[in-house]
$ cat final-v7.cif   # mmCIF, C-alpha atoms
data_target
loop_
_atom_site.label_atom_id
_atom_site.label_comp_id
_atom_site.auth_asym_id
_atom_site.auth_seq_id
_atom_site.Cartn_x
_atom_site.Cartn_y
_atom_site.Cartn_z
CA MET A 77 -20.67 66.24 -33.92
CA PRO A 78 -17.59 64.56 -32.36
CA SER A 79 -16.82 65.34 -28.72
CA GLN A 80 -13.91 67.57 -27.68
CA PRO A 81 -11.67 64.72 -26.37
CA ALA A 82 -12.21 62.76 -29.59
CA LEU A 83 -11.21 65.81 -31.66
CA GLU A 84 -8.11 66.36 -29.51
CA ARG A 85 -7.10 62.73 -29.84
CA THR A 86 -7.60 62.84 -33.62
CA TRP A 87 -5.49 66.00 -33.81
CA ALA A 88 -2.78 64.37 -31.67
CA ILE A 89 -2.67 61.25 -33.86
CA ALA A 90 -2.59 63.38 -37.02
CA GLY A 91 0.29 65.42 -35.55
CA VAL A 92 2.32 62.30 -34.76
CA ILE A 93 1.71 60.96 -38.29
CA ILE A 94 2.76 64.31 -39.81
CA ALA A 95 5.94 64.30 -37.67
CA THR A 96 6.73 60.71 -38.73
CA VAL A 97 6.27 61.47 -42.43
CA ALA A 98 8.36 64.64 -42.04
CA ALA A 99 11.16 62.68 -40.33
CA PHE A 100 11.09 60.02 -43.06
CA GLY A 101 11.09 62.61 -45.86
CA GLY A 102 13.70 64.77 -44.17
CA GLY A 103 15.85 61.70 -43.61
CA LEU A 104 15.67 60.82 -47.30
CA LEU A 105 16.49 64.42 -48.26
CA ALA A 106 19.54 64.40 -45.99
CA ILE A 107 20.65 61.00 -47.31
CA PHE A 108 20.48 62.14 -50.93
CA LEU A 109 22.62 65.16 -50.00
CA VAL A 110 25.40 63.00 -48.47
CA PRO A 111 27.54 62.93 -51.67
CA LEU A 112 27.34 66.74 -52.08
CA HIS A 113 30.72 68.22 -53.04
CA ILE A 114 31.97 71.69 -53.89
CA GLY A 115 34.89 70.93 -56.15
CA SER A 116 36.64 68.08 -54.40
CA VAL A 117 35.58 69.17 -50.90
CA PRO A 118 32.68 67.23 -49.32
CA VAL A 119 29.98 69.50 -47.84
CA PRO A 120 28.38 67.76 -44.82
CA ILE A 121 25.13 69.74 -44.99
CA SER A 122 23.20 66.47 -44.55
CA LEU A 123 24.45 66.28 -40.94
CA LEU A 124 22.88 69.68 -40.20
CA ILE A 125 19.63 68.77 -41.97
CA THR A 126 19.44 65.44 -40.09
CA ALA A 127 19.99 67.12 -36.72
CA VAL A 128 17.44 69.89 -37.31
CA ILE A 129 14.74 67.61 -38.76
CA ASN A 130 15.07 64.96 -36.06
CA VAL A 131 14.99 67.42 -33.16
CA ALA A 132 12.10 69.36 -34.70
CA SER A 133 9.96 66.34 -35.62
CA VAL A 134 10.42 64.66 -32.23
CA GLN A 135 9.62 67.90 -30.39
CA TYR A 136 6.60 68.52 -32.63
CA ALA A 137 5.22 65.02 -32.04
CA TYR A 138 5.60 65.44 -28.27
CA ARG A 139 4.16 68.96 -28.12
CA VAL A 140 1.19 68.28 -30.36
CA SER A 141 0.18 65.06 -28.64
CA GLY A 142 1.47 65.47 -25.09
CA TRP A 143 2.38 61.76 -25.04
CA ARG A 144 5.81 60.86 -23.71
CA GLY A 145 6.38 58.09 -26.21
CA ALA A 146 5.22 60.13 -29.21
CA GLY A 147 8.81 61.00 -30.13
CA PHE A 148 9.56 57.37 -30.93
CA ALA A 149 7.36 57.48 -34.07
CA PRO A 150 9.44 60.12 -35.94
CA MET A 151 12.64 58.41 -34.78
CA ILE A 152 11.44 55.11 -36.22
CA GLY A 153 10.43 56.90 -39.45
CA TRP A 154 13.90 58.38 -39.80
CA PHE A 155 15.53 55.03 -38.96
CA LEU A 156 13.49 53.27 -41.66
CA ALA A 157 14.71 55.85 -44.19
CA VAL A 158 18.34 55.18 -43.16
CA CYS A 159 17.85 51.40 -43.33
CA ALA A 160 16.15 51.60 -46.74
CA ALA A 161 18.90 53.80 -48.14
CA GLY A 162 21.76 51.93 -46.51
CA ILE A 163 21.03 48.42 -47.72
CA PRO A 164 22.80 47.66 -51.04
CA THR A 165 20.79 46.40 -54.03
CA VAL A 166 21.56 43.09 -55.76
CA GLU A 167 23.88 44.97 -58.13
CA GLY A 168 25.69 46.51 -55.15
CA ASP A 169 24.31 50.05 -55.55
CA VAL A 170 23.68 51.93 -52.33
CA VAL A 171 22.16 55.38 -51.75
CA LEU A 172 23.82 56.01 -48.39
CA PRO A 173 27.53 55.24 -48.78
CA GLY A 174 29.76 54.16 -45.89
CA THR A 175 31.77 57.39 -45.94
CA TRP A 176 32.39 59.53 -42.85
CA VAL A 177 29.44 61.75 -43.83
CA GLY A 178 27.20 58.68 -44.14
CA LEU A 179 28.29 57.38 -40.74
CA GLY A 180 27.85 60.91 -39.37
CA VAL A 181 24.23 60.95 -40.56
CA LEU A 182 23.60 57.75 -38.57
CA PHE A 183 25.35 59.08 -35.42
CA VAL A 184 24.02 62.65 -35.52
CA GLY A 185 20.50 61.52 -36.38
CA ALA A 186 20.34 58.98 -33.55
CA ILE A 187 21.68 61.42 -30.95
CA ALA A 188 19.56 64.34 -32.21
CA ALA A 189 16.41 62.24 -31.82
CA THR A 190 17.51 60.77 -28.48
CA VAL A 191 17.99 64.02 -26.58
CA PRO A 192 14.41 65.39 -26.86
CA ILE A 193 12.86 61.92 -26.36
CA ALA A 194 14.89 61.31 -23.19
CA ARG A 195 14.10 64.82 -21.90
CA SER A 196 10.37 64.28 -22.46
CA MET A 197 10.58 60.90 -20.69
CA MET A 198 12.26 62.46 -17.66
CA VAL A 199 9.48 65.04 -17.13
CA ASN A 200 7.58 63.92 -14.05
CA MET A 201 3.90 63.16 -14.37
CA PRO A 202 1.50 65.89 -13.13
CA ASP A 203 0.29 65.48 -9.57
CA ARG A 204 -3.06 63.72 -9.64
CA GLY A 205 -3.62 63.89 -5.92
CA GLY A 206 -3.28 60.99 -3.52
CA LEU A 207 0.31 59.98 -2.97
CA MET B 226 28.07 76.74 -17.45
CA GLN B 227 24.97 76.83 -15.28
CA TRP B 228 23.53 73.87 -17.22
CA TRP B 229 26.72 71.90 -16.50
CA GLU B 230 26.59 72.72 -12.78
CA GLU B 231 22.98 71.56 -12.61
CA ASN B 232 23.42 68.38 -14.67
CA LYS B 233 26.98 67.24 -14.10
CA ARG B 234 26.04 64.47 -11.68
CA GLN B 235 23.42 63.08 -14.03
CA THR B 236 25.76 63.40 -17.02
CA ALA B 237 28.51 61.57 -15.12
CA ARG B 238 26.07 58.84 -14.15
CA ILE B 239 24.98 58.35 -17.77
CA ALA B 240 28.59 58.40 -19.01
CA LEU B 241 29.55 55.79 -16.43
CA ALA B 242 26.68 53.54 -17.50
CA ILE B 243 27.67 53.90 -21.17
CA ALA B 244 31.28 53.07 -20.31
CA MET B 245 30.13 50.00 -18.35
CA VAL B 246 27.96 48.66 -21.18
CA VAL B 247 30.52 49.31 -23.93
CA GLY B 248 33.35 47.99 -21.73
CA VAL B 249 31.49 44.76 -20.99
CA ASP B 250 30.73 44.37 -24.71
CA ILE B 251 34.40 44.80 -25.65
CA VAL B 252 35.67 42.48 -22.90
CA ALA B 253 33.09 39.81 -23.79
CA ARG B 254 34.04 40.00 -27.47
CA LEU B 255 37.76 39.80 -26.66
CA ILE B 256 37.29 36.80 -24.36
CA LEU B 257 35.17 35.00 -26.98
CA ARG B 258 37.71 35.83 -29.67
CA LEU B 259 40.51 34.36 -27.57
CA ALA B 260 38.47 31.39 -26.34
CA MET B 261 37.07 30.45 -29.76
CA PRO B 262 39.64 31.61 -32.33
CA ASP B 263 38.60 29.13 -35.03
CA SER B 264 34.86 29.43 -34.59
CA GLN B 265 32.88 30.14 -37.77
CA ASP B 266 29.64 30.39 -35.83
CA ASP B 267 28.27 33.91 -35.32
CA ILE B 268 25.07 33.07 -33.46
CA ILE B 269 26.37 31.66 -30.14
CA PRO B 270 29.08 34.33 -29.56
CA GLY B 271 26.55 37.03 -30.53
CA LEU B 272 24.00 35.69 -28.07
CA ILE B 273 26.61 35.52 -25.29
CA VAL B 274 27.69 39.14 -25.91
CA ASP B 275 24.05 40.28 -26.06
CA ALA B 276 23.29 38.49 -22.78
CA CYS B 277 26.30 40.20 -21.14
CA ILE B 278 25.30 43.73 -22.19
CA ALA B 279 21.62 43.12 -21.35
CA THR B 280 22.62 41.93 -17.88
CA THR B 281 24.89 44.95 -17.40
CA ILE B 282 22.23 47.53 -18.24
CA GLY B 283 19.66 45.51 -16.29
CA VAL B 284 21.77 45.62 -13.14
CA TRP B 285 22.40 49.35 -13.67
CA ALA B 286 18.67 50.05 -14.13
CA PHE B 287 17.82 47.93 -11.07
CA PHE B 288 20.16 49.83 -8.76
CA ARG B 289 19.30 53.21 -10.30
CA ALA B 290 15.57 52.52 -9.84
CA ARG B 291 16.16 52.25 -6.08
CA ARG B 292 16.90 55.97 -5.87
CA ALA B 293 15.22 57.64 -8.83
CA LEU B 294 11.69 57.63 -10.21
CA VAL B 295 10.98 55.16 -12.99
CA SER B 296 10.47 58.00 -15.49
CA THR B 297 13.94 59.39 -14.68
CA VAL B 298 15.56 55.96 -14.97
CA ALA B 299 13.78 55.38 -18.28
CA GLY B 300 15.00 58.73 -19.65
CA GLU B 301 18.58 58.15 -18.52
CA GLY B 302 18.40 54.58 -19.80
CA PHE B 303 17.28 55.83 -23.19
CA PHE B 304 20.39 58.02 -23.40
CA VAL B 305 22.55 55.05 -22.39
CA ILE B 306 20.90 52.77 -24.97
CA ALA B 307 21.17 55.27 -27.85
CA ILE B 308 24.84 56.11 -27.36
CA SER B 309 25.89 52.56 -26.41
CA MET B 310 24.21 51.07 -29.49
CA LEU B 311 26.13 53.45 -31.77
CA LEU B 312 29.46 52.67 -30.08
CA ILE B 313 28.77 48.93 -30.00
CA ALA B 314 27.73 48.89 -33.68
CA PHE B 315 30.85 50.85 -34.63
CA ILE B 316 33.53 49.35 -32.37
CA GLY B 317 32.13 45.87 -31.69
CA PRO B 318 32.75 44.20 -35.06
CA TRP B 319 36.28 45.62 -35.13
CA VAL B 320 36.97 44.07 -31.70
CA SER B 321 35.57 40.78 -32.99
CA GLY B 322 37.95 40.93 -35.94
CA ASP B 323 35.56 41.91 -38.75
CA GLY B 324 37.02 45.37 -39.45
CA PHE B 325 35.43 48.81 -39.50
CA GLY B 326 34.08 49.06 -43.01
CA ALA B 327 30.46 47.97 -43.19
CA PRO B 328 27.58 49.32 -45.28
CA ILE B 329 25.35 51.77 -43.41
CA GLY B 330 22.40 49.37 -43.74
CA VAL B 331 24.36 46.65 -41.93
CA MET B 332 25.44 49.20 -39.31
CA ALA B 333 21.83 50.32 -38.82
CA GLY B 334 20.80 46.69 -38.39
CA ARG B 335 23.50 46.18 -35.74
CA CYS B 336 22.26 49.35 -34.00
CA ALA B 337 18.69 48.05 -34.01
CA VAL B 338 19.70 44.66 -32.54
CA ALA B 339 21.85 46.30 -29.84
CA ALA B 340 19.07 48.79 -28.99
CA LEU B 341 16.50 45.98 -28.71
CA VAL B 342 18.73 43.88 -26.46
CA LEU B 343 19.63 46.85 -24.25
CA ALA B 344 15.98 47.98 -24.03
CA VAL B 345 14.87 44.51 -22.93
CA GLY B 346 17.67 44.35 -20.32
CA GLY B 347 16.90 47.83 -18.98
CA ALA B 348 13.16 47.19 -18.84
CA LEU B 349 13.75 43.93 -16.95
CA GLY B 350 15.98 45.78 -14.46
CA ILE B 351 13.38 48.48 -13.80
CA LEU B 352 10.50 46.00 -13.60
CA THR B 353 12.47 43.81 -11.16
CA ALA B 354 13.01 46.82 -8.89
CA VAL B 355 9.29 47.65 -9.06
CA ALA B 356 8.39 44.00 -8.41
CA PHE B 357 10.56 43.95 -5.27
CA GLY B 358 8.96 47.24 -4.17
CA ILE B 359 12.26 49.07 -3.76
CA ASP B 360 11.62 51.97 -6.15
CA PRO B 361 10.77 55.34 -4.52
CA LEU B 362 7.09 55.25 -5.53
CA SER B 363 6.53 51.75 -4.09
CA LYS B 364 8.38 52.72 -0.91
CA ALA B 365 6.24 55.86 -0.57
CA TYR B 366 3.12 53.77 -1.11
CA HIS B 367 4.12 51.26 1.58
CA ALA B 368 4.96 54.10 3.98
CA HIS B 369 1.54 55.65 3.30
CA VAL B 370 -0.20 52.32 3.93
CA GLU B 371 1.71 51.86 7.22
CA ARG B 372 0.80 55.38 8.36
CA THR B 373 -2.86 54.79 7.49
CA ARG B 374 -2.90 51.52 9.44
CA GLN B 375 -1.31 53.05 12.52
CA ARG B 376 -3.59 56.10 12.59
CA PRO B 377 -6.47 55.71 15.10
CA ARG B 378 -9.84 55.49 13.42
CA ARG B 379 -12.10 58.56 13.81
CA ARG B 380 -15.49 58.02 15.46
#
$ encode --input "final-v7.cif" --output "structure tokens"
Amino acid sequence: MPSQPALERTWAIAGVIIATVAAFGGGLLAIFLVPLHIGSVPVPISLLITAVINVASVQYAYRVSGWRGAGFAPMIGWFLAVCAAGIPTVEGDVVLPGTWVGLGVLFVGAIAATVPIARSMMVNMPDRGGL
Amino acid sequence: MQWWEENKRQTARIALAIAMVVGVDIVARLILRLAMPDSQDDIIPGLIVDACIATTIGVWAFFRARRALVSTVAGEGFFVIAISMLLIAFIGPWVSGDGFGAPIGVMAGRCAVAALVLAVGGALGILTAVAFGIDPLSKAYHAHVERTRQRPRRR
């Protein structure tokens, strides 16, 4: 039977992987919703989805693992989704267009992931005695 | 309102650092554009601009690490890097004369390069402060060692 620390570490790694996959999938979902229109009016719901998914996945990764740097994994997952969708194909087709909603996804996503990561980095380490 | 009262000094510090990094990037690009108007080379001007912004954030991190714990400097530096990379990726090419319109993939690539350069500069600044022993933890450690040396030994 595996020891308690080994189980906790496995659970932490699994949580970070789940958060990364969720950020990647959520990023793709938001990207595919960038061209959403009602009539001729663009509906920037992808900005909201990007913000919520990035904050939630980064917070989840940090809470479930307790590691300060855990939030980087979902951020990288989301960034890979943006890069994959933003690079044009040989024919010039691109999933994430360079419209203001597309640029907004990049800006909002980066800032939404940055805030919880920076806050978790600024938490001081617990006192382990000594100095 | 209470949040603002508690964090306004830190927010101002981060905003100042972002303004410094983005300002240095813009000035460096403008100088290079004026100095080398006919240059077709992208590598050398890019490296010069990257060196300038890395040095700027490195100097900021070095001086900030004299007063704050490394974890605080790293957190503030992460804010500075994230917002600066977005501004640099958006404004920088326009200052260099390439125009605003770029595919998001190209923009994301520019963000990644700027983030990498800024992260290396910031890490070097923090590590230099730690190496010189001027960060608060190193100073506390040296003070503790001095106190331990001066204390008379118990018999």
$ resolve_selection --input "final-v7.cif" --expression "the PyMOL selection byres ((chain B) within 8 of (chain A))" --output "ChimeraX atom specification"
/B:296-301,303-304,307-308,311,326-331,333-334,365-366,369
$ atom_distance --input "final-v7.cif" --atom1 "atom CA of Gln135 of chain A" --atom2 "atom CA of Trp87 of chain A"
15.6 Å
$ resolve_selection --input "final-v7.cif" --expression "the PyMOL selection byres ((chain A and resi 148) around 10)" --output "PDB file with C-alpha atoms, keeping the file's coordinate frame"
ATOM      1  CA  VAL A  92       2.320  62.300 -34.760  1.00  0.00           C
ATOM      2  CA  THR A  96       6.730  60.710 -38.730  1.00  0.00           C
ATOM      3  CA  VAL A 134      10.420  64.660 -32.230  1.00  0.00           C
ATOM      4  CA  ALA A 137       5.220  65.020 -32.040  1.00  0.00           C
ATOM      5  CA  TYR A 138       5.600  65.440 -28.270  1.00  0.00           C
ATOM      6  CA  ARG A 144       5.810  60.860 -23.710  1.00  0.00           C
ATOM      7  CA  GLY A 145       6.380  58.090 -26.210  1.00  0.00           C
ATOM      8  CA  ALA A 146       5.220  60.130 -29.210  1.00  0.00           C
ATOM      9  CA  GLY A 147       8.810  61.000 -30.130  1.00  0.00           C
ATOM     10  CA  ALA A 149       7.360  57.480 -34.070  1.00  0.00           C
ATOM     11  CA  PRO A 150       9.440  60.120 -35.940  1.00  0.00           C
ATOM     12  CA  MET A 151      12.640  58.410 -34.780  1.00  0.00           C
ATOM     13  CA  ILE A 152      11.440  55.110 -36.220  1.00  0.00           C
ATOM     14  CA  GLY A 153      10.430  56.900 -39.450  1.00  0.00           C
ATOM     15  CA  TRP A 154      13.900  58.380 -39.800  1.00  0.00           C
ATOM     16  CA  ALA A 189      16.410  62.240 -31.820  1.00  0.00           C
ATOM     17  CA  THR A 190      17.510  60.770 -28.480  1.00  0.00           C
ATOM     18  CA  ILE A 193      12.860  61.920 -26.360  1.00  0.00           C
TER      19      ILE A 193
END
$ resolve_selection --input "final-v7.cif" --expression "the PyMOL selection byres ((chain B and resi 272-288) around 6)" --output "list in words"
Val246, Ala253, Ile269, Pro270, Gly271, Arg289, Ala290, Arg291, Val342, Leu343, Gly346, Gly347, Gly350, Ile351 and Ala354 of chain B
$ atom_distance --input "final-v7.cif" --atom1 "atom CA of Ile243 of chain B" --atom2 "atom CA of Pro318 of chain B"
17.7 Å
$ residues_around --input "final-v7.cif" --residues "Leu104 of chain A" --least-positions-apart "4" --cutoff "7 Å" --atoms "only C-alpha atoms" --output "number ranges by chain"
A: 100, 108, 157
$ residues_around --input "final-v7.cif" --residues "Gly358 of chain B" --least-positions-apart "5" --cutoff "9 Å" --atoms "only C-alpha atoms" --output "PyMOL selection string"
chain B and resi 291+353+363-364+367
$ atom_distance --input "final-v7.cif" --atom1 "atom CA of Arg376 of chain B" --atom2 "atom CA of Val355 of chain B"
26.6 Å
$ residues_around --input "final-v7.cif" --residues "segment 119-121 of chain A" --least-positions-apart "4" --cutoff "12 Å" --atoms "only C-alpha atoms" --output "NGL selection string"
:A and (105-115 or 125-128 or 175-181 or 184)
